[in-house]
There are 2 protein chains.
Amino acid sequence: MSVTATESSTRERTRRAILLAAIATLIAKPNASLGEVADAAEVARSTLHRYYPSRAALIAALNAFVDAEYEAAVKRSRPDTGSGLEAYERLCAELLDAHQIFYWWTQSVHLEEDRKPEYDPTVQAVLRRGQEDGTIDRRLDPEWLEMSIWPSLLTAYQYAVTSHRSRHEAREMALRTLIKIAAA
Amino acid sequence: MSVTATESSTRERTRRAILLAAIATLIAKPNASLGEVADAAEVARSTLHRYYPSRAALIAALNAFVDAEYEAAVKRSRPDTGSGLEAYERLCAELLDAHQIFYWWTQSVHLEEDRKPEYDPTVQAVLRRGQEDGTIDRRLDPEWLEMSIWPSLLTAYQYAVTSHRSRHEAREMALRTLIKIAAA
DNA sequence: CGTTTTTGGGACATGAATGTACGATCGCTC
DNA sequence: GAGCGATCGTACATTCATGTCCCAAAAACG
């Protein structure tokens with residue numbers, strides 16, 4: 001987000017509340033109005049505007065926030081440890097645990113036209129390593145595999161919401177699916 | 001769509017042109033304005049309004065159109081023939097060939113709140129048959145498997161657009177992925 | 001408790017998308 | 001080439017989201 005000056009703790013809390021509410025709201029309804037976001041955050045619309053002067057600013061903050069979470073998740077998965085498939089599995093597990101956040105990313109791609117999916121060099125390295133050490137399917141393009149991760153998270157989220165199954169079951173199936181896709 | 005009276009061939013052609021343009025436009029940009037849709041269809045906005053009085057009417061027609069295409073695709077795949085996995089594979093192949101249409105469906109789910117994913121009884125029957133005859137993974141819920149189809153189509157579409165690969169390669173990888181997911 | 005910070009909530013201007021209406025024009029058919 | 005169906009393009013009213021301003025109330029802070 002790169003806040004220039006440090007904020008008071010009060011402001012920081014409010015800012016975070018708005019951000020989280022924005023994620024929750026915009027995930028469920030990408031064209032939700034700022035008024036709806038403000039309601040979800042339990043602040044006045046004018047307050048929201050004070051923190052994020054424009055919708056674009058809010059979206060930018062959202063993207064920055066998600067990017068940061070993503071990088072943290074990748075780091076936690078220790079991408080350099082073990083076989084390619086093992087690292088891939090750990091990464092998927094990390095992402096699944098925060099899928100409600102990353103779900104936003106999947107959505108936002110379709111809202112802004114300039115936004116193009118970028119391939120994460122770290123993830124690409126993991127997948128290529130897996131193909132070399134024989135644990136990951138060589139017939140599938142690493143770029144394809146990376147792209148395939150997001151929709152599965154999305155499905156897991158929807159499945160947990162829609163079906164009568166528990167969140168845990170959804171997580172298990174998503175993880176199993178992701179491994180089946182990539183495994184040699 | 002349920003057009004009450006039969007239309008002149010001219011009107012029919014125009015109506016179809018609008019519908020197809022709407023799909024193409026709204027897939028790429030779900031919040032595109034009706035003006036943009038009209039431009040894509042190469043008709044005046046007033047003409048579009050003559051055929052579909054409101055945005056809601058256009059969306060409804062779109063959904064009906066896609067539903068019909070979907071049913072046709074399912075039928076073409078001969079869901080009652082062969083093993084469960086074979087039928088599933090044929091179905092996926094059919095859907096892949098029209099993925100730019102069904103991609104709309106994936107999008108529209110997030111635009112309307114009331115719209116809930118329904119499970120197709122025919123597809124569910126295919127998947128359950130596959131689990132019984134041992135060709136489809138018993139550990140994965142049929143509902144989960146059905147939900148997993150759409151994101152893969154979506155990925156295939158994006159992959160074909162984004163990457164430098166050919167449409168054919170994208171199709172092959174998507175099909176391979178879908179089979180890997182479901183196979184026992 | 002007094003001061004400062006932060007929020008609430010309303011008023012307002014603006015712009016974009018939507019929906020309606022209508023006369024002019026094009027193109028096909030008889 | 002006259003008639004008729006269909007389209008075009010424009011003008012207009014309306015609604016909604018956005019963004020700006022401002023002041024009073026509430027909360028945090030020393």
# chains A, B, ... in the order shown; residues from 1 in each chain; ligands from 1
>>> residues_around(residues="range 16-19 of chain C", least_positions_apart="4", cutoff="8 Å", atoms="only C-alpha atoms (C1' of nucleotides)", output="mmCIF file with all heavy atoms, in the first residue's frame")
data_model
loop_
_atom_site.group_PDB
_atom_site.id
_atom_site.type_symbol
_atom_site.label_atom_id
_atom_site.label_comp_id
_atom_site.auth_asym_id
_atom_site.auth_seq_id
_atom_site.Cartn_x
_atom_site.Cartn_y
_atom_site.Cartn_z
ATOM 1 N N SER B 33 -21.307 -1.359 -21.171
ATOM 2 C CA SER B 33 -22.592 -0.680 -21.330
ATOM 3 C C SER B 33 -23.322 -1.221 -22.556
ATOM 4 O O SER B 33 -22.726 -1.871 -23.414
ATOM 5 C CB SER B 33 -22.376 0.813 -21.491
ATOM 6 O OG SER B 33 -21.841 1.084 -22.773
ATOM 7 N N PRO B 53 -35.788 -4.658 -24.564
ATOM 8 C CA PRO B 53 -36.192 -3.377 -23.970
ATOM 9 C C PRO B 53 -35.323 -2.946 -22.798
ATOM 10 O O PRO B 53 -35.126 -1.755 -22.586
ATOM 11 C CB PRO B 53 -37.624 -3.635 -23.506
ATOM 12 C CG PRO B 53 -38.097 -4.784 -24.333
ATOM 13 C CD PRO B 53 -36.892 -5.626 -24.580
ATOM 14 N N SER B 54 -34.832 -3.902 -22.048
ATOM 15 C CA SER B 54 -34.025 -3.521 -20.893
ATOM 16 C C SER B 54 -32.790 -4.403 -20.821
ATOM 17 O O SER B 54 -32.705 -5.447 -21.464
ATOM 18 C CB SER B 54 -34.838 -3.686 -19.608
ATOM 19 O OG SER B 54 -35.039 -5.054 -19.358
ATOM 20 P P DT D 15 -36.605 8.874 -11.550
ATOM 21 O OP1 DT D 15 -37.968 8.554 -11.119
ATOM 22 O OP2 DT D 15 -35.949 10.135 -11.089
ATOM 23 O "O5'" DT D 15 -35.651 7.662 -11.147
ATOM 24 C "C5'" DT D 15 -35.387 6.621 -12.089
ATOM 25 C "C4'" DT D 15 -33.935 6.232 -12.036
ATOM 26 O "O4'" DT D 15 -33.137 7.188 -12.786
ATOM 27 C "C3'" DT D 15 -33.323 6.212 -10.624
ATOM 28 O "O3'" DT D 15 -32.964 4.887 -10.330
ATOM 29 C "C2'" DT D 15 -32.122 7.149 -10.716
ATOM 30 C "C1'" DT D 15 -31.844 7.201 -12.200
ATOM 31 N N1 DT D 15 -31.132 8.405 -12.681
ATOM 32 C C2 DT D 15 -29.926 8.245 -13.313
ATOM 33 O O2 DT D 15 -29.419 7.151 -13.498
ATOM 34 N N3 DT D 15 -29.348 9.405 -13.745
ATOM 35 C C4 DT D 15 -29.840 10.694 -13.603
ATOM 36 O O4 DT D 15 -29.223 11.641 -14.033
ATOM 37 C C5 DT D 15 -31.104 10.791 -12.925
ATOM 38 C C7 DT D 15 -31.714 12.144 -12.715
ATOM 39 C C6 DT D 15 -31.687 9.668 -12.495
#
>>> residues_around(residues="DC23 in chain D", least_positions_apart="6", cutoff="12 Å", atoms="only C-alpha atoms (C1' of nucleotides)", output="PyMOL selection string")
chain C and resi 7-11
>>> atom_distance(atom1="CA of Asp120 in chain A", atom2="CA of Pro30 in chain A")
24.8 Å
>>> interface_residues(of="chain D", to="chain A", cutoff="10 Å", atoms="only C-alpha atoms (C1' of nucleotides)", output="compact mmCIF listing (two decimals) with C-alpha atoms (C1' of nucleotides), in the first residue's frame")
# COMPACT_ATOMS: atom_id res chain seq x y z
C1' DC D 16 -27.62 5.90 -9.87
C1' DA D 17 -22.74 5.92 -8.53
C1' DT D 18 -19.19 8.98 -7.77
C1' DG D 19 -16.75 12.62 -5.78
C1' DT D 20 -16.58 17.09 -2.96
C1' DA D 28 -9.47 9.32 21.56
>>> select_by_dssp(residues="range 61-183 of chain A", states="helix (DSSP H, G or I)", output="PyMOL selection string")
chain A and resi 61-76+84-97+99-111+121-132+142-162+167-182
